[in-house]
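Report on the structure given below.
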Amino acid sequence: MKIFLTLAVAFTLAILSFIPLHQASAQDDKSKDIKAEMMAKWQKNATPGDAHKVLNQFVGDWDYTVKWWNLPGGNPEISTGENEVKWIMGGRFLLMDVEGKSMGQEFQGLGILGYDNAKKEYTNVWIDSMSTGMMIATGSYDVEKKQLTETGSYTDTMTGQDKPYKGVTTFIDKDNYAYELFSVGPDGKELRMMVITYKRDSD
């Protein structure tokens, strides 16, 4: 009888000890699966793809001419400069380094342009020496029109409030492209405020 009871207790203890070990093993397997899934998704989102290849059209050294309208129907302010565009962060982002003149003053600008795989949209951040604010926009690319269209906001220096804008980049050929900036005019309607034409530097 004692032997029977001893075997029964031993068997019960063995079962009890096996259950949490089995559950722990299952939890470990599940944790590994989740970790593997997370790593695969992270890798996919971190890897440049076809949408990034579209941005290759920007890469190079460019001469530009900009026309800026302060008032609707008025004469534009015209200035020129240079724009050096190159890949950074392993082909994940473009860095645009601009030097020129604007309103008779030396002008510097920096832009970072990329494609967010997770959000599936282009993102553009712009800063320059004419403002302490940032222009931030997101957009998409139309393959047939060869246009990158973005919408975002900037700080209106007169009011200190955010103001919407739209930027449209049109790739004409491998050596020429144009950028148009639209905002809201005094009448509340869309107004083209700026046009920049870029020509690849052949030097």
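Order determines the names: the first chain of the structure tokens is A, the second B, and so forth; residues in each chain are numbered 1 upward, and ligands are numbered 1 upward as they are shown.
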
Worksheet item: Contacts of Val184 of chain A at 9 Å or less, counting only C-alpha atoms, minus same-chain residues fewer than 2 places along, as a PyMOL selection string?
Response: chain A and resi 163-165+182+186-193

Discussion item. Set the distance at 6 Å and use only C-alpha atoms: which residues neighbour segment 91-99 of chain A once local chain neighbours fewer than 4 positions away are removed? I'd like the list as a PyMOL selection string.
Written reply: chain A and resi 48+81-87+107-114

Practice prompt. May I have the residues within 12 Å of Lys44 of chain A as a PyMOL selection string, using only C-alpha atoms and disregarding those fewer than 4 positions away in the same chain?
Written response: chain A and resi 37-40+48-49+116-118

Write the residues of the preceding selection, restricted to C-alpha atoms, as a PDB file, in the first residue's frame.
ATOM      1  CA  GLU A  37       7.827  38.697 -36.889  1.00  0.00           C
ATOM      2  CA  MET A  38       8.841  42.050 -35.401  1.00  0.00           C
ATOM      3  CA  MET A  39      12.367  41.749 -36.771  1.00  0.00           C
ATOM      4  CA  ALA A  40      11.066  40.842 -40.250  1.00  0.00           C
ATOM      5  CA  PRO A  48      14.955  51.173 -49.286  1.00  0.00           C
ATOM      6  CA  GLY A  49      12.699  50.002 -52.111  1.00  0.00           C
ATOM      7  CA  ASP A 116       8.387  56.144 -45.218  1.00  0.00           C
ATOM      8  CA  ASN A 117       7.801  52.442 -45.952  1.00  0.00           C
ATOM      9  CA  ALA A 118       5.512  52.069 -42.933  1.00  0.00           C
TER      10      ALA A 118
END

Worksheet item: What are the DSSP strand (DSSP E or B) residues of segment 138-185 of chain A, as a VMD selection string?
Response: chain A and resid 138 to 142 147 to 155 162 to 173 176 to 184

Discussion item. Can you pull out every residue from segment 47-130 of chain A that DSSP, working from the backbone, puts in helix (DSSP H, G or I), and format the result as a list in words?
Written reply: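 Filtering segment 47-130 of chain A to helix (DSSP H, G or I) leaves Asp50, Ala51, His52, Lys53, Val54, Leu55, Asn56, Gln57 and Phe58 of chain A.
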
Write to file, as a PDB file, in the first residue's frame, the residues of the selection just made, with N, CA and C atoms.
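Generated file (selection38.pdb):
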ATOM      1  N   ASP A  50      11.518  50.368 -54.178  1.00  0.00           N
ATOM      2  CA  ASP A  50      11.247  51.019 -55.462  1.00  0.00           C
ATOM      3  C   ASP A  50      10.848  52.478 -55.294  1.00  0.00           C
ATOM      4  N   ALA A  51      10.115  52.792 -54.235  1.00  0.00           N
ATOM      5  CA  ALA A  51       9.698  54.183 -54.019  1.00  0.00           C
ATOM      6  C   ALA A  51      10.899  55.095 -53.796  1.00  0.00           C
ATOM      7  N   HIS A  52      11.967  54.547 -53.212  1.00  0.00           N
ATOM      8  CA  HIS A  52      13.181  55.338 -53.015  1.00  0.00           C
ATOM      9  C   HIS A  52      13.905  55.573 -54.338  1.00  0.00           C
ATOM     10  N   LYS A  53      13.804  54.598 -55.251  1.00  0.00           N
ATOM     11  CA  LYS A  53      14.481  54.729 -56.546  1.00  0.00           C
ATOM     12  C   LYS A  53      13.949  55.919 -57.329  1.00  0.00           C
ATOM     13  N   VAL A  54      12.686  56.271 -57.107  1.00  0.00           N
ATOM     14  CA  VAL A  54      12.101  57.445 -57.764  1.00  0.00           C
ATOM     15  C   VAL A  54      12.929  58.690 -57.446  1.00  0.00           C
ATOM     16  N   LEU A  55      13.439  58.751 -56.234  1.00  0.00           N
ATOM     17  CA  LEU A  55      14.170  59.935 -55.783  1.00  0.00           C
ATOM     18  C   LEU A  55      15.550  60.061 -56.405  1.00  0.00           C
ATOM     19  N   ASN A  56      16.013  59.016 -57.092  1.00  0.00           N
ATOM     20  CA  ASN A  56      17.297  59.096 -57.795  1.00  0.00           C
ATOM     21  C   ASN A  56      17.321  60.229 -58.813  1.00  0.00           C
ATOM     22  N   GLN A  57      16.125  60.626 -59.275  1.00  0.00           N
ATOM     23  CA  GLN A  57      16.033  61.704 -60.256  1.00  0.00           C
ATOM     24  C   GLN A  57      16.542  63.029 -59.709  1.00  0.00           C
ATOM     25  N   PHE A  58      16.574  63.154 -58.380  1.00  0.00           N
ATOM     26  CA  PHE A  58      17.055  64.383 -57.745  1.00  0.00           C
ATOM     27  C   PHE A  58      18.583  64.427 -57.608  1.00  0.00           C
TER      28      PHE A  58
END

Discussion item. Nearest residue to Ser140 of chain A out of A:Thr159, A:Ile88, A:Leu181, A:Thr169, using only C-alpha atoms?
Written reply: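 Ranking A:Thr159, A:Ile88, A:Leu181, A:Thr169 by distance to Ser140 of chain A, first place goes to A:Thr169.
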
Practice prompt. Skip Met103 of chain A itself and residues of its chain fewer than 2 positions away, then list as a ChimeraX atom specification all residues within 12 Å of it, counting only C-alpha atoms.
Written response: /A:66-70,76-80,100-101,105-107,129-130

Would you write out those residues with N, CA and C atoms, as a PDB file, in the first residue's frame?
ATOM      1  N   VAL A  66      14.973  80.836 -59.379  1.00  0.00           N
ATOM      2  CA  VAL A  66      13.719  80.880 -58.635  1.00  0.00           C
ATOM      3  C   VAL A  66      12.984  82.192 -58.894  1.00  0.00           C
ATOM      4  N   LYS A  67      11.691  82.094 -59.101  1.00  0.00           N
ATOM      5  CA  LYS A  67      10.816  83.263 -59.211  1.00  0.00           C
ATOM      6  C   LYS A  67       9.844  83.219 -58.044  1.00  0.00           C
ATOM      7  N   TRP A  68       9.783  84.325 -57.284  1.00  0.00           N
ATOM      8  CA  TRP A  68       8.947  84.393 -56.085  1.00  0.00           C
ATOM      9  C   TRP A  68       8.033  85.600 -56.177  1.00  0.00           C
ATOM     10  N   TRP A  69       6.717  85.366 -56.001  1.00  0.00           N
ATOM     11  CA  TRP A  69       5.750  86.451 -56.055  1.00  0.00           C
ATOM     12  C   TRP A  69       5.311  86.819 -54.638  1.00  0.00           C
ATOM     13  N   ASN A  70       5.595  88.049 -54.229  1.00  0.00           N
ATOM     14  CA  ASN A  70       5.129  88.522 -52.922  1.00  0.00           C
ATOM     15  C   ASN A  70       3.656  88.900 -52.957  1.00  0.00           C
ATOM     16  N   PRO A  76       7.774  89.213 -60.174  1.00  0.00           N
ATOM     17  CA  PRO A  76       8.438  88.259 -59.293  1.00  0.00           C
ATOM     18  C   PRO A  76       9.842  88.695 -58.892  1.00  0.00           C
ATOM     19  N   GLU A  77      10.248  88.265 -57.721  1.00  0.00           N
ATOM     20  CA  GLU A  77      11.634  88.382 -57.294  1.00  0.00           C
ATOM     21  C   GLU A  77      12.383  87.211 -57.929  1.00  0.00           C
ATOM     22  N   ILE A  78      13.484  87.506 -58.645  1.00  0.00           N
ATOM     23  CA  ILE A  78      14.226  86.460 -59.344  1.00  0.00           C
ATOM     24  C   ILE A  78      15.620  86.313 -58.744  1.00  0.00           C
ATOM     25  N   SER A  79      16.013  85.089 -58.466  1.00  0.00           N
ATOM     26  CA  SER A  79      17.344  84.831 -57.929  1.00  0.00           C
ATOM     27  C   SER A  79      17.847  83.481 -58.431  1.00  0.00           C
ATOM     28  N   THR A  80      19.128  83.231 -58.224  1.00  0.00           N
ATOM     29  CA  THR A  80      19.732  81.991 -58.703  1.00  0.00           C
ATOM     30  C   THR A  80      20.568  81.343 -57.605  1.00  0.00           C
ATOM     31  N   GLY A 100      22.664  80.136 -52.498  1.00  0.00           N
ATOM     32  CA  GLY A 100      22.329  81.099 -53.533  1.00  0.00           C
ATOM     33  C   GLY A 100      22.092  82.470 -52.940  1.00  0.00           C
ATOM     34  N   LYS A 101      21.197  83.208 -53.595  1.00  0.00           N
ATOM     35  CA  LYS A 101      20.825  84.530 -53.105  1.00  0.00           C
ATOM     36  C   LYS A 101      19.307  84.661 -53.133  1.00  0.00           C
ATOM     37  N   GLN A 105      20.185  88.875 -50.537  1.00  0.00           N
ATOM     38  CA  GLN A 105      20.969  88.361 -49.419  1.00  0.00           C
ATOM     39  C   GLN A 105      21.489  86.960 -49.732  1.00  0.00           C
ATOM     40  N   GLU A 106      22.577  86.589 -49.032  1.00  0.00           N
ATOM     41  CA  GLU A 106      23.081  85.232 -49.158  1.00  0.00           C
ATOM     42  C   GLU A 106      22.021  84.276 -48.604  1.00  0.00           C
ATOM     43  N   PHE A 107      21.861  83.163 -49.290  1.00  0.00           N
ATOM     44  CA  PHE A 107      20.807  82.221 -48.919  1.00  0.00           C
ATOM     45  C   PHE A 107      21.385  80.823 -48.762  1.00  0.00           C
ATOM     46  N   SER A 129      17.871  79.820 -44.313  1.00  0.00           N
ATOM     47  CA  SER A 129      18.388  80.977 -43.581  1.00  0.00           C
ATOM     48  C   SER A 129      17.438  82.169 -43.581  1.00  0.00           C
ATOM     49  N   MET A 130      16.276  82.031 -44.219  1.00  0.00           N
ATOM     50  CA  MET A 130      15.302  83.115 -44.257  1.00  0.00           C
ATOM     51  C   MET A 130      14.216  82.958 -43.195  1.00  0.00           C
TER      52      MET A 130
END

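Using only C-alpha atoms, the protein and nucleic acid residues lying no more than 8 Å from Met134 of chain A, apart from those fewer than 4 places from it along its own chain, are Val125, Trp126, Ile127, Tyr154 and Thr155 of chain A.
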
Worksheet entry | Shortest interatomic distance to Lys174 of chain A - which of A:Ile34, A:Gly73, A:Thr132, A:Tyr198, counting only C-alpha atoms |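 For Lys174 of chain A, the nearest of the given residues is A:Tyr198.
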
Worksheet item: What is the distance, in Å and to one decimal place, between atom CA of Thr151 of chain A and atom CA of Val59 of chain A?
Response: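 Rounded to one decimal, the two atoms are 22.0 Å apart.
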
Fill in: Neighbour list for Asp203 of chain A as a list in words, cut-off 12 Å, only C-alpha atoms, skip fewer than 4 positions in-chain
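Residues meeting the cut-off are Gly60, Asp61, Trp62, Asp63 and Lys199 of chain A.
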
Restricted to C-alpha atoms, what would the selected residues look like written as a compact mmCIF listing (two decimals), in the first residue's frame?
# COMPACT_ATOMS: atom_id res chain seq x y z
CA GLY A 60 23.37 65.42 -58.64
CA ASP A 61 24.55 69.02 -58.84
CA TRP A 62 22.03 71.55 -60.10
CA ASP A 63 21.86 75.21 -61.08
CA LYS A 199 19.18 72.39 -64.74

Discussion item. Could you list, as a list of chain:residue names, every residue within 9 Å of segment 146-148 of chain A, counting only C-alpha atoms and ignoring same-chain residues fewer than 6 positions away?
Written reply: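 In the requested form, the answer reads A:Tyr122, A:Gly139, A:Ser140, A:Gly167, A:Val168, A:Thr169, A:Thr170, A:Phe171, A:Ile172.
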
Export C-alpha atoms of the chosen residues as an mmCIF file, in the first residue's frame?
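Saved the output as part31.cif:
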data_model
loop_
_atom_site.group_PDB
_atom_site.id
_atom_site.type_symbol
_atom_site.label_atom_id
_atom_site.label_comp_id
_atom_site.auth_asym_id
_atom_site.auth_seq_id
_atom_site.Cartn_x
_atom_site.Cartn_y
_atom_site.Cartn_z
ATOM 1 C CA TYR A 122 7.066 60.629 -49.082
ATOM 2 C CA GLY A 139 3.142 63.363 -50.484
ATOM 3 C CA SER A 140 2.949 60.830 -53.293
ATOM 4 C CA GLY A 167 4.550 71.638 -53.608
ATOM 5 C CA VAL A 168 4.637 70.030 -57.053
ATOM 6 C CA THR A 169 7.881 68.720 -58.548
ATOM 7 C CA THR A 170 7.746 67.836 -62.258
ATOM 8 C CA PHE A 171 10.591 65.869 -63.810
ATOM 9 C CA ILE A 172 10.992 67.124 -67.378
#

Worksheet entry | Computed interatomic separation between atom CA of Ile196 of chain A and atom CA of Met158 of chain A (Å) |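 Going from atom CA of Ile196 of chain A over to atom CA of Met158 of chain A covers 23.6 Å.
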